[in-house]
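*Asks:* So that we are looking at the same thing, I have put the structure below in structure tokens.
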Amino acid sequence: MKNKNILFQPFTQRQIQEIILVFLLLIATAVISIFSAYLFYTIKTEQEIEKEITYSGELEEFFDLYQKMTEEHYIDVDPNILIKGAIKGMLEAFEDEYTTYIDDYDNYQFQQRMQGQYRGIGIGLYNNVDEEIEVTAVFPDSPAERAGVEIGDIIVAIDEQDLTEKDTQFLVEYIRDSEVDEVDMTFLRDGKEVNLKVEVDTVILSSVESEIIEKDNTKMGYLKISRFAINTYQQVQEHLETLEEEMDGLIIDLRHNTGGYLSTTRRIISTFLDSSHVIFRTEEQGEEKVFYSTGNETKEYPIIILGNSYSASASEILIAALQESYGAIFVGTKTYGKGTVQEMVDLENDDALRFTARIWLTPDGTWIDGEGVIPDYEVEQAAEYLLTLERDDDAQFQKEIEVLLNKLN
């Protein structure tokens, strides 16, 4: 009778040979893997050791001097201040105006502009000639506007703290770091004290304005972008969707826009171009990368761009991309000429450092650093406009209207 328990059936000679072969292959594979791992580890370790030795040699003098100064100098200095000074000195050695150390207050101010929102009350401030904290702006739909704060108000106290000898930094940090939902503020307005309770909340910063301009039976969309913050792309989409319901052509005003996030700029450019178009290039340590639009369609309406010598960095990327890849017409004066891209490194003490990581090129491969983007129609601003700020005196704006009408008619 056959044994039905297959678990105990004897192996044939062929099966035994196959098992031995598989076993030997497994052993060989394991040996190779272990040897490869050991070789990789040995090479990596040697490289790291070599780097550590190099760094040790380069920094030995610095460490010796640091120890000597902290131990023997008669003035006791906070080690954090010494390290901050050392970092600043290192950055200065690059002789690059865009590689800089940013203190915590300036970093906070920069971050809130680039994030497009912050915790506060929604006002602009400065210390006037009398060293008073004066309100220079009240943001739309902000806690300050709802409370009745006005431009020109002098802030003299907050939560019963006298601000007479304080600066704007003190006030900003007090509101930012407070854990309350409301502050009591005293303002001086037309010589009289005004007491207001102002809510502390998330303030959304607007970086986009738009309107429809009608002339000669033509509707032109006007889109002004003041910076490229994280939330600027969403704002552009909302404004553009409304404009496209009526407009025949588009004006994009980038005057005095000094830049912002490259990722935001790329998304905005991709709104107007499909993925077959190059929108910029970068070069880092001799390696060039080409960046294409991520858009699904290329718009068909004419685009005119306004720019000036204060249009820099991300603004120049947008202008060059639409000028070269879309056929947009650039009106104004040549741009600032910043052809580099920076990255930020946050430090533990809320400071930060910014350094140049790469250069950028236009779609055609032009590096505009120090040169700027050249307008198709160069128009200097009228002196009258600087006095009146009236659109009728804005020579660049009027020229752009003329160029767009010619394109449409």
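A note on labels: chains of the structure tokens are A, B, ... as shown, every chain counts residues from 1, and ligands are counted from 1 in their shown order.
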If we count only C-alpha atoms, what is near Gly337 of chain A at a cut-off of 10 Å, once residues fewer than 3 positions away on the same chain are taken out, given as JSON, numbers by chain?

*Replies:* {"A": [309, 310, 311, 312, 313, 316, 334, 340, 367, 368, 369, 370, 371, 372, 373, 374]}

*Asks:* Keeping C-alpha atoms for every residue in the selection just given, could you write it to a file as a tab-separated table (two decimals), in the first residue's frame?

*Replies:*
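Output contents, as saved in result06.tsv:
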chain	number	residue	atom	x	y	z
A	309	SER	CA	14.00	98.40	-13.13
A	310	TYR	CA	12.43	97.19	-9.86
A	311	SER	CA	10.99	94.08	-11.52
A	312	ALA	CA	13.43	91.41	-10.40
A	313	SER	CA	14.11	87.70	-10.07
A	316	GLU	CA	12.02	88.54	-14.77
A	334	LYS	CA	14.64	97.00	-18.70
A	340	THR	CA	20.34	83.76	-9.78
A	367	TRP	CA	21.51	84.77	-18.77
A	368	ILE	CA	20.10	88.20	-17.88
A	369	ASP	CA	22.20	88.73	-14.73
A	370	GLY	CA	23.37	92.35	-14.59
A	371	GLU	CA	21.65	93.04	-17.91
A	372	GLY	CA	17.92	92.65	-17.29
A	373	VAL	CA	15.14	91.70	-19.68
A	374	ILE	CA	14.94	94.20	-22.55

*Asks:* Taking the chain letters and numbering used in this document, name the residues of segment 40-272 of chain A that DSSP puts in alpha helix (DSSP H), as JSON, numbers by chain.

*Replies:* {"A": [40, 41, 42, 43, 44, 45, 46, 47, 48, 49, 50, 51, 52, 53, 54, 55, 56, 57, 58, 59, 60, 61, 62, 63, 64, 65, 66, 67, 68, 69, 70, 71, 72, 79, 80, 81, 82, 83, 84, 85, 86, 87, 88, 89, 90, 91, 92, 104, 105, 106, 107, 108, 109, 110, 111, 112, 113, 114, 115, 143, 144, 145, 146, 147, 168, 169, 170, 171, 172, 173, 174, 175, 176, 177, 232, 233, 234, 235, 236, 237, 238, 239, 240, 241, 242, 243, 262, 263, 264, 265, 266, 267, 268, 269, 270]}

*Asks:* With a distance cut-off of 9 Å and only C-alpha atoms, select the neighbouring residues of Val331 of chain A, excluding the residue or stretch itself and same-chain residues fewer than 3 positions from it, and output the selection as a PyMOL selection string.

*Replies:* chain A and resi 304-308+334+375-379+396-397+399-400+403

*Asks:* Using only C-alpha atoms, please write the residues we just selected to a file, as a PDB file, in the first residue's frame.

*Replies:*
ATOM      1  CA  ILE A 304       1.125  92.768 -22.716  1.00  0.00           C
ATOM      2  CA  ILE A 305       3.482  92.944 -19.715  1.00  0.00           C
ATOM      3  CA  LEU A 306       4.509  96.035 -17.759  1.00  0.00           C
ATOM      4  CA  GLY A 307       7.888  96.014 -16.016  1.00  0.00           C
ATOM      5  CA  ASN A 308      10.581  98.364 -14.789  1.00  0.00           C
ATOM      6  CA  LYS A 334      14.642  96.998 -18.700  1.00  0.00           C
ATOM      7  CA  PRO A 375      11.455  95.613 -23.328  1.00  0.00           C
ATOM      8  CA  ASP A 376       9.931  95.492 -26.785  1.00  0.00           C
ATOM      9  CA  TYR A 377       8.810  99.089 -26.247  1.00  0.00           C
ATOM     10  CA  GLU A 378      11.091 101.062 -23.929  1.00  0.00           C
ATOM     11  CA  VAL A 379       9.111 103.777 -22.159  1.00  0.00           C
ATOM     12  CA  GLN A 396       4.054 103.219 -19.418  1.00  0.00           C
ATOM     13  CA  PHE A 397       0.476 102.238 -18.730  1.00  0.00           C
ATOM     14  CA  LYS A 399       1.649 102.926 -23.987  1.00  0.00           C
ATOM     15  CA  GLU A 400       0.587  99.439 -22.978  1.00  0.00           C
ATOM     16  CA  VAL A 403      -0.068  98.435 -27.912  1.00  0.00           C
TER      17      VAL A 403
END

*Asks:* Report, in Å to a single decimal, how far apart atom CA of Leu408 of chain A and atom CA of Asp248 of chain A are.

*Replies:* 7.5 Å

*Asks:* Do you know which residues are at most 7 Å from segment 230-243 of chain A counting only C-alpha atoms, after dropping those on the same chain fewer than 5 positions away, and could you put them as a PyMOL selection string?

*Replies:* chain A and resi 114-116+207-208+210+212+221+264+267-268

*Asks:* Keeping only N, CA and C atoms, write those residues as a PDB file, in the first residue's frame.

*Replies:*
ATOM      1  N   MET A 114       6.061  86.095   2.271  1.00  0.00           N
ATOM      2  CA  MET A 114       6.121  84.993   1.323  1.00  0.00           C
ATOM      3  C   MET A 114       5.073  83.912   1.599  1.00  0.00           C
ATOM      4  N   GLN A 115       4.674  83.757   2.857  1.00  0.00           N
ATOM      5  CA  GLN A 115       3.600  82.823   3.170  1.00  0.00           C
ATOM      6  C   GLN A 115       2.246  83.375   2.731  1.00  0.00           C
ATOM      7  N   GLY A 116       2.162  84.710   2.655  1.00  0.00           N
ATOM      8  CA  GLY A 116       0.909  85.331   2.240  1.00  0.00           C
ATOM      9  C   GLY A 116      -0.099  85.450   3.357  1.00  0.00           C
ATOM     10  N   SER A 207      -1.819  89.742  -2.872  1.00  0.00           N
ATOM     11  CA  SER A 207      -0.703  90.091  -3.749  1.00  0.00           C
ATOM     12  C   SER A 207      -1.161  90.298  -5.194  1.00  0.00           C
ATOM     13  N   VAL A 208      -2.471  90.263  -5.418  1.00  0.00           N
ATOM     14  CA  VAL A 208      -3.022  90.389  -6.779  1.00  0.00           C
ATOM     15  C   VAL A 208      -4.205  91.358  -6.783  1.00  0.00           C
ATOM     16  N   SER A 210      -7.045  93.236  -9.772  1.00  0.00           N
ATOM     17  CA  SER A 210      -7.483  93.136 -11.159  1.00  0.00           C
ATOM     18  C   SER A 210      -8.679  94.047 -11.419  1.00  0.00           C
ATOM     19  N   ILE A 212     -11.361  95.349 -15.114  1.00  0.00           N
ATOM     20  CA  ILE A 212     -11.610  95.419 -16.556  1.00  0.00           C
ATOM     21  C   ILE A 212     -11.508  96.879 -16.981  1.00  0.00           C
ATOM     22  N   GLY A 221      -8.319  93.084 -19.776  1.00  0.00           N
ATOM     23  CA  GLY A 221      -8.117  92.648 -18.404  1.00  0.00           C
ATOM     24  C   GLY A 221      -6.818  93.205 -17.856  1.00  0.00           C
ATOM     25  N   THR A 264       5.938  79.168  -7.301  1.00  0.00           N
ATOM     26  CA  THR A 264       4.708  79.929  -7.569  1.00  0.00           C
ATOM     27  C   THR A 264       4.753  80.517  -8.973  1.00  0.00           C
ATOM     28  N   ARG A 267       4.071  77.946 -11.688  1.00  0.00           N
ATOM     29  CA  ARG A 267       2.649  77.578 -11.793  1.00  0.00           C
ATOM     30  C   ARG A 267       1.860  78.671 -12.519  1.00  0.00           C
ATOM     31  N   ILE A 268       2.204  79.937 -12.265  1.00  0.00           N
ATOM     32  CA  ILE A 268       1.495  81.036 -12.929  1.00  0.00           C
ATOM     33  C   ILE A 268       1.820  81.041 -14.424  1.00  0.00           C
TER      34      ILE A 268
END

*Asks:* Please return as a ChimeraX atom specification: the residues of segment 51-234 of chain A that backbone DSSP assigns to strand (DSSP E or B).

*Replies:* /A:100-102,117-120,123-127,133-138,154-158,161-162,182-189,192-199,201-204,208-215,218-225,228

*Asks:* For the interface of segment 196-265 of chain A with segment 155-177 of chain A (cut-off 12 Å, counting only C-alpha atoms), please tabulate each contacting residue of segment 196-265 of chain A alongside its nearest pair of atoms and their separation in Å to one decimal, rows sorted by chain and increasing number, as JSON lines.

*Replies:*
{"residue": "A:Leu196", "atom": "CA", "partner": "A:Ile158", "partner_atom": "CA", "distance": 9.8}
{"residue": "A:Lys197", "atom": "CA", "partner": "A:Asp159", "partner_atom": "CA", "distance": 9.5}
{"residue": "A:Val198", "atom": "CA", "partner": "A:Ile158", "partner_atom": "CA", "distance": 10.1}
{"residue": "A:Glu199", "atom": "CA", "partner": "A:Ile175", "partner_atom": "CA", "distance": 10.3}
{"residue": "A:Val200", "atom": "CA", "partner": "A:Ile175", "partner_atom": "CA", "distance": 7.5}
{"residue": "A:Asp201", "atom": "CA", "partner": "A:Arg176", "partner_atom": "CA", "distance": 9.8}
{"residue": "A:Thr202", "atom": "CA", "partner": "A:Arg176", "partner_atom": "CA", "distance": 10.5}
{"residue": "A:Val203", "atom": "CA", "partner": "A:Arg176", "partner_atom": "CA", "distance": 11.6}

*Asks:* Output N, CA and C atoms for every residue in the selection just made, as a tab-separated table (two decimals), in the first residue's frame.

*Replies:*
chain	number	residue	atom	x	y	z
A	196	LEU	N	-9.26	101.44	21.14
A	196	LEU	CA	-9.94	100.43	20.34
A	196	LEU	C	-9.51	99.04	20.80
A	197	LYS	N	-10.46	98.12	20.80
A	197	LYS	CA	-10.15	96.71	21.01
A	197	LYS	C	-10.00	96.06	19.64
A	198	VAL	N	-8.82	95.47	19.38
A	198	VAL	CA	-8.52	94.93	18.05
A	198	VAL	C	-8.27	93.43	18.17
A	199	GLU	N	-8.97	92.67	17.36
A	199	GLU	CA	-8.83	91.21	17.37
A	199	GLU	C	-7.47	90.81	16.79
A	200	VAL	N	-6.85	89.78	17.35
A	200	VAL	CA	-5.62	89.20	16.81
A	200	VAL	C	-6.01	87.91	16.09
A	201	ASP	N	-5.75	87.86	14.79
A	201	ASP	CA	-6.24	86.73	14.00
A	201	ASP	C	-5.31	86.52	12.80
A	202	THR	N	-5.60	85.51	12.00
A	202	THR	CA	-4.85	85.27	10.77
A	202	THR	C	-5.22	86.33	9.74
A	203	VAL	N	-4.21	87.02	9.23
A	203	VAL	CA	-4.41	88.07	8.24
A	203	VAL	C	-3.91	87.55	6.89

*Asks:* Would you compute the distance between atom CA of Thr298 of chain A and atom CA of Asp253 of chain A? Give it in Å to one decimal.

*Replies:*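 Pair atom CA of Thr298 of chain A / atom CA of Asp253 of chain A returns 20.0 Å.
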
*Asks:* My list of candidates is A:Gln398, A:Ile204, A:Glu300, A:Leu59. Which is closest to Tyr118 of chain A when distances are computed with only C-alpha atoms?

*Replies:*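 Smallest separation from Tyr118 of chain A among the options: A:Ile204.
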